[in-house]
Amino acid sequence: MEPGKKNASARGGIELVGVTKRFGDTVAVRNIDLKIPAGAYCCLLGPSGCGKTTILRMIAGHEQPTEGAVLIDGQNVLGAPPVARGTAMMFQSYALFPHLSCLDNVAFNLKVRGVGKAERHVRAAEMLARVHMREFAERLPAQLSGGQQQRIALARALITNPRVLLLDEPLSALDEFLRLQMRGELRRIQNEFGISFIHVTHTQMEAIALADMVVVMDQGHIEQAASARDVFDRPRTPYVARFLGGQNVLSGTVTDTGAGVVTIDSGGQRIRISAPDPAPAVGARFQVAVRRDRVRLQRPRGEPLGVNMVSGRVSAVEYQGFWLKITLEEASGEEFVVNQSDSTFFADPLEVGDEVVVQWQPEEVHYLTVGEQTGAARVAVGAH
Amino acid sequence: MAGASHKDYGKRPWTFYALAAFFTLFVLFLYGPMSAIYILSFQGPTGGLTFPMQGTSLHWFHALFAQERTGDFAGAFARSIVLALIVLTLTVAFSVLAGLAFRRRFPGSSLVFYLAVASLIMPGILVGLGVGLTFQLFEVQTRWYLSALGAQLTWTLPFGLLIMFAVLSRFNRAYEEAGRDLGASNWQIFWMVVVPIVLPGIIGVALFGFTLSYDEFPRSLLTAGAQNTLPMEIWGMTTNVTSPALYALGTVTTLVSFAVIALALGSIALIQRRRAQRVVPAGQAAAGPQA
């Protein structure tokens, strides 16, 4: 689904303009510009400490930016309290009030606005029904499981009729089974309410499964903000390629740029890639990504290594059900990871210690903006 | 953990018996003398300060409240209760607010904190002496509800503050943020979120404020003025009264202390039960959010 295809009445477009946040001497968020279309499901993805929660809290109004502006549906909301912004937040710990029943938790916003008891209970019960928690109205939060508490927290946030729902690591406290179930549920509710969801997570698969737009962050800045498919399949920087997983990042020096093809020397091996525009200069450092599942794994036939080939020894084999993760160690000590389908693998099973050769087509190599200087010539992605 | 050697819980190490014996001695030491006092307070009218009992009666309890024999016991008792209630109120109000304020580091917060808790380690009699002297200097009469109140607060306020630190250190600030997120004003957050959640801790502070004041002696001695509070009355009676009325006094004051503790624990239990009563009937308890 693309954000642009949402219905026209969607609310909750967000714009961050030159936003910086400092805590004392540390810079949590560094001069960020970001536009999230109305009605989008947006995931802020990054390791802990990358500033993603700080961005969420600045949109919510629980933190004030040191510099820059936050706009919601075109209005600058700096200084406005959360309810006036039309945002509602679901806290990582859920922060359900332990002394109030689920019904009173959900009715809290109505109560502080002075809505009478009978009316607010009716409306809270309706909201509970929308998250399938009607029969738990009289329970206390402590009497519910984690997944049930999350539904209550969701209902409590949605009853404020927000334009933007902010979710801080909403699925991290749940076990794997519930996590998958709630993931679908969040997406369903987002569609139903037609508002923007901004969801902070450090789990790559969660982000790409849910989001229309994934914002990959590192150390207070945005590495890439694009559709889920783009960040996974066409990562812009080595960092994104590594963090999303699924890619091997290789780097080397440009040796030739003739005829629309760039040749790179990477530790003595040659990699060819169709030249990006503008083409890099000979001698420049250049980084590329090769998808783990778009390579061919063979046993060596005694021939010298050609272009777009890597050789190594199998150091680990992990069975993943539909596929296998095979980790190779090259002679140089670098790692290269190959994902192979189970049918291909079991036709000729490899074992740890086997010598293998990996080969790929030039069109499977993806050019990366050099966003960093790495000491290692190539680094395999560790995750997944 | 000593591995698998202690799987048999039937055999206990010698340290168990040593510690059990020590604990038994402790209990005897704690309750033995007090039990003797409670029993002797029911001494018959002709009985004396020591065993054996000459029959049993409530004679000495009547004597206790008869002013001409034992001094102004009833008045001292009333003053002590009123004073303890005032101390309780002020201690709760100020230590809760100060505890909330101290969650944020403000300039000079450590200095303020050390100034506040320094009076905990100051000898009480010196605090009382200082307060008494100051009142004398400014030619103000020392009174139990004025100078003694102030002297006692130097003791109960830092105590309450330390309890609030412990209570609030476990208080998740996300509750306040959630309140703000849901549109509550600061005032509404305080009364509808913070106070209900930390209420058991506040009752603890109240209990401490009351009991510390109720049996405070050194800080009251030189500050209470012409009218005694109960601990001073008791002190006077131990030197003047040579009858089991003294023991009756011990029994009465112990009962009051127990009543206060029971009241505090009872109200905490009541809060918890009222919250637990919202449980739906057992039949629905097992059902998930959806089948």
# chains A, B, ... in the order shown; residues from 1 in each chain; ligands from 1
>>> interface_residues(of="chain A", to="chain B", cutoff="10 Å", atoms="only C-alpha atoms", output="NGL selection string")
:A and (60-62 or 81-84 or 86-101 or 106-113 or 129 or 131-140 or 142-145 or 147-148 or 151 or 153 or 156-160)
>>> select_by_dssp(residues="region 23-62 of chain B", states="alpha helix (DSSP H)", output="short mmCIF file (atom, residue, chain, number, x, y, z; two decimals) with C-alpha atoms, in the first residue's frame")
data_model
loop_
_atom_site.label_atom_id
_atom_site.label_comp_id
_atom_site.auth_asym_id
_atom_site.auth_seq_id
_atom_site.Cartn_x
_atom_site.Cartn_y
_atom_site.Cartn_z
CA PHE B 23 15.07 -15.34 68.04
CA THR B 24 13.29 -16.96 71.01
CA LEU B 25 15.38 -14.89 73.41
CA PHE B 26 14.59 -11.79 71.39
CA VAL B 27 10.86 -12.43 71.56
CA LEU B 28 11.04 -13.11 75.30
CA PHE B 29 13.01 -9.94 75.85
CA LEU B 30 10.58 -7.92 73.74
CA TYR B 31 7.27 -9.22 75.04
CA GLY B 32 8.17 -10.62 78.50
CA PRO B 33 8.40 -7.31 80.39
CA MET B 34 5.46 -5.83 78.52
CA SER B 35 3.31 -8.85 79.27
CA ALA B 36 4.15 -8.52 82.95
CA ILE B 37 3.00 -4.89 82.85
CA TYR B 38 -0.25 -5.76 81.05
CA ILE B 39 -1.03 -8.54 83.52
CA LEU B 40 -0.17 -6.47 86.59
CA HIS B 59 -9.61 -0.71 89.76
CA TRP B 60 -6.34 0.84 88.54
CA PHE B 61 -7.85 1.88 85.26
CA HIS B 62 -10.45 3.87 87.18
#
>>> atom_distance(atom1="CA of Arg273 (chain B)", atom2="CA of Leu161 (chain B)")
27.3 Å
>>> closest_residue(among="A:Glu15, A:Glu318, A:Glu63, A:Glu303", to="Gln340 (chain A)", atoms="only C-alpha atoms")
A:Glu318
>>> closest_residue(among="A:Glu126, A:Glu330, A:Asp277, A:Asp233", to="Leu103 (chain A)", atoms="only C-alpha atoms")
A:Glu126
>>> atom_distance(atom1="CA of Val240 (chain A)", atom2="CA of Ala40 (chain A)")
21.2 Å
>>> select_by_dssp(residues="region 139-251 of chain A", states="strand (DSSP E or B)", output="compact mmCIF listing (two decimals) with C-alpha atoms, in the first residue's frame")
# COMPACT_ATOMS: atom_id res chain seq x y z
CA VAL A 164 -2.14 10.81 15.03
CA LEU A 165 -1.58 7.76 17.21
CA LEU A 166 1.94 7.42 18.55
CA LEU A 167 3.05 3.95 19.57
CA ASP A 168 6.26 3.49 21.53
CA ILE A 195 -5.55 8.28 11.01
CA SER A 196 -1.75 8.29 11.01
CA PHE A 197 0.05 5.73 13.13
CA ILE A 198 3.64 6.38 14.08
CA HIS A 199 5.17 3.27 15.49
CA VAL A 200 8.62 3.12 17.07
CA THR A 201 10.39 -0.23 16.88
CA MET A 213 6.73 4.28 5.27
CA VAL A 214 9.83 3.16 7.14
CA VAL A 215 12.18 5.73 8.63
CA VAL A 216 15.53 4.12 9.39
CA MET A 217 17.49 6.06 12.00
CA ASP A 218 20.95 5.97 13.46
CA HIS A 221 19.70 11.30 12.06
CA ILE A 222 17.63 9.68 9.33
CA GLU A 223 19.49 7.22 7.11
CA GLN A 224 16.57 6.54 4.82
CA ALA A 225 12.85 7.29 4.77
CA ALA A 226 11.03 5.31 2.12
CA GLN A 247 22.07 -7.95 2.36
CA ASN A 248 25.80 -8.50 2.21
CA VAL A 249 27.67 -5.20 2.14
CA LEU A 250 30.90 -5.20 0.15
CA SER A 251 33.29 -2.34 -0.33
>>> residues_around(residues="Asp212 (chain A)", least_positions_apart="6", cutoff="12 Å", atoms="only C-alpha atoms", output="ChimeraX atom specification")
/A:1-6,36-44,187,190-191,196-199,206,225-231
>>> write_last_selection(atoms="N, CA and C atoms", output="mmCIF file, in the first residue's frame")
data_model
loop_
_atom_site.group_PDB
_atom_site.id
_atom_site.type_symbol
_atom_site.label_atom_id
_atom_site.label_comp_id
_atom_site.auth_asym_id
_atom_site.auth_seq_id
_atom_site.Cartn_x
_atom_site.Cartn_y
_atom_site.Cartn_z
ATOM 1 N N MET A 1 0.826 -1.197 0.000
ATOM 2 C CA MET A 1 0.000 0.000 0.000
ATOM 3 C C MET A 1 0.866 1.255 0.000
ATOM 4 N N GLU A 2 0.527 2.203 -0.797
ATOM 5 C CA GLU A 2 1.318 3.425 -0.797
ATOM 6 C C GLU A 2 0.557 4.525 -0.114
ATOM 7 N N PRO A 3 1.269 5.351 0.625
ATOM 8 C CA PRO A 3 0.610 6.402 1.396
ATOM 9 C C PRO A 3 -0.245 7.297 0.523
ATOM 10 N N GLY A 4 0.182 7.572 -0.684
ATOM 11 C CA GLY A 4 -0.538 8.491 -1.554
ATOM 12 C C GLY A 4 -1.909 7.985 -1.972
ATOM 13 N N LYS A 5 -2.101 6.680 -1.871
ATOM 14 C CA LYS A 5 -3.362 6.113 -2.343
ATOM 15 C C LYS A 5 -4.454 6.093 -1.283
ATOM 16 N N LYS A 6 -4.122 6.633 -0.096
ATOM 17 C CA LYS A 6 -5.127 6.665 0.955
ATOM 18 C C LYS A 6 -6.250 7.616 0.580
ATOM 19 N N ILE A 36 5.566 12.977 6.926
ATOM 20 C CA ILE A 36 4.801 11.739 6.975
ATOM 21 C C ILE A 36 3.403 12.058 6.466
ATOM 22 N N PRO A 37 2.972 11.428 5.352
ATOM 23 C CA PRO A 37 1.665 11.768 4.790
ATOM 24 C C PRO A 37 0.517 11.398 5.722
ATOM 25 N N ALA A 38 -0.585 12.120 5.609
ATOM 26 C CA ALA A 38 -1.768 11.843 6.430
ATOM 27 C C ALA A 38 -2.257 10.428 6.173
ATOM 28 N N GLY A 39 -2.670 9.762 7.233
ATOM 29 C CA GLY A 39 -3.240 8.427 7.097
ATOM 30 C C GLY A 39 -2.215 7.341 6.851
ATOM 31 N N ALA A 40 -0.940 7.659 7.012
ATOM 32 C CA ALA A 40 0.096 6.656 6.755
ATOM 33 C C ALA A 40 0.376 5.849 8.009
ATOM 34 N N TYR A 41 0.820 4.624 7.782
ATOM 35 C CA TYR A 41 1.379 3.842 8.882
ATOM 36 C C TYR A 41 2.882 3.971 8.743
ATOM 37 N N CYS A 42 3.487 4.690 9.691
ATOM 38 C CA CYS A 42 4.914 4.989 9.584
ATOM 39 C C CYS A 42 5.660 4.332 10.730
ATOM 40 N N CYS A 43 6.741 3.606 10.416
ATOM 41 C CA CYS A 43 7.559 3.011 11.466
ATOM 42 C C CYS A 43 8.880 3.751 11.572
ATOM 43 N N LEU A 44 9.224 4.160 12.794
ATOM 44 C CA LEU A 44 10.552 4.708 13.056
ATOM 45 C C LEU A 44 11.401 3.541 13.541
ATOM 46 N N ARG A 187 -2.749 -2.843 12.368
ATOM 47 C CA ARG A 187 -2.951 -2.438 10.980
ATOM 48 C C ARG A 187 -4.452 -2.300 10.672
ATOM 49 N N GLN A 190 -5.771 0.830 12.337
ATOM 50 C CA GLN A 190 -5.298 2.024 11.634
ATOM 51 C C GLN A 190 -6.146 2.285 10.388
ATOM 52 N N ASN A 191 -6.443 1.223 9.649
ATOM 53 C CA ASN A 191 -7.289 1.359 8.462
ATOM 54 C C ASN A 191 -8.679 1.835 8.832
ATOM 55 N N SER A 196 -3.153 8.684 11.104
ATOM 56 C CA SER A 196 -1.751 8.286 11.010
ATOM 57 C C SER A 196 -1.342 7.493 12.250
ATOM 58 N N PHE A 197 -0.566 6.451 12.019
ATOM 59 C CA PHE A 197 0.051 5.731 13.130
ATOM 60 C C PHE A 197 1.557 5.931 13.004
ATOM 61 N N ILE A 198 2.171 6.312 14.082
ATOM 62 C CA ILE A 198 3.637 6.376 14.081
ATOM 63 C C ILE A 198 4.129 5.422 15.147
ATOM 64 N N HIS A 199 4.887 4.455 14.706
ATOM 65 C CA HIS A 199 5.169 3.271 15.495
ATOM 66 C C HIS A 199 6.685 3.146 15.614
ATOM 67 N N GLU A 206 9.143 -6.332 11.877
ATOM 68 C CA GLU A 206 7.906 -5.682 12.317
ATOM 69 C C GLU A 206 7.671 -4.427 11.478
ATOM 70 N N ALA A 225 14.286 7.281 4.515
ATOM 71 C CA ALA A 225 12.852 7.293 4.771
ATOM 72 C C ALA A 225 12.170 6.947 3.464
ATOM 73 N N ALA A 226 11.598 5.762 3.385
ATOM 74 C CA ALA A 226 11.034 5.306 2.121
ATOM 75 C C ALA A 226 10.041 4.196 2.403
ATOM 76 N N SER A 227 9.480 3.642 1.333
ATOM 77 C CA SER A 227 8.545 2.538 1.516
ATOM 78 C C SER A 227 9.296 1.331 2.065
ATOM 79 N N ALA A 228 8.530 0.399 2.646
ATOM 80 C CA ALA A 228 9.147 -0.783 3.235
ATOM 81 C C ALA A 228 9.963 -1.536 2.189
ATOM 82 N N ARG A 229 9.396 -1.621 0.992
ATOM 83 C CA ARG A 229 10.103 -2.382 -0.035
ATOM 84 C C ARG A 229 11.414 -1.709 -0.406
ATOM 85 N N ASP A 230 11.399 -0.383 -0.485
ATOM 86 C CA ASP A 230 12.621 0.330 -0.848
ATOM 87 C C ASP A 230 13.714 0.167 0.198
ATOM 88 N N VAL A 231 13.365 0.322 1.479
ATOM 89 C CA VAL A 231 14.436 0.239 2.472
ATOM 90 C C VAL A 231 15.000 -1.171 2.538
#
>>> residues_around(residues="region 343-350 of chain A", least_positions_apart="2", cutoff="8 Å", atoms="only C-alpha atoms", output="ChimeraX atom specification")
/A:314,324,340-341,352,354
>>> residues_around(residues="Gly250 (chain B)", least_positions_apart="3", cutoff="9 Å", atoms="only C-alpha atoms", output="list in words")
Met34, Ile37, Tyr38, Ser41, Ile234, Ala245, Leu246, Tyr247, Thr253, Thr254 and Leu255 of chain B
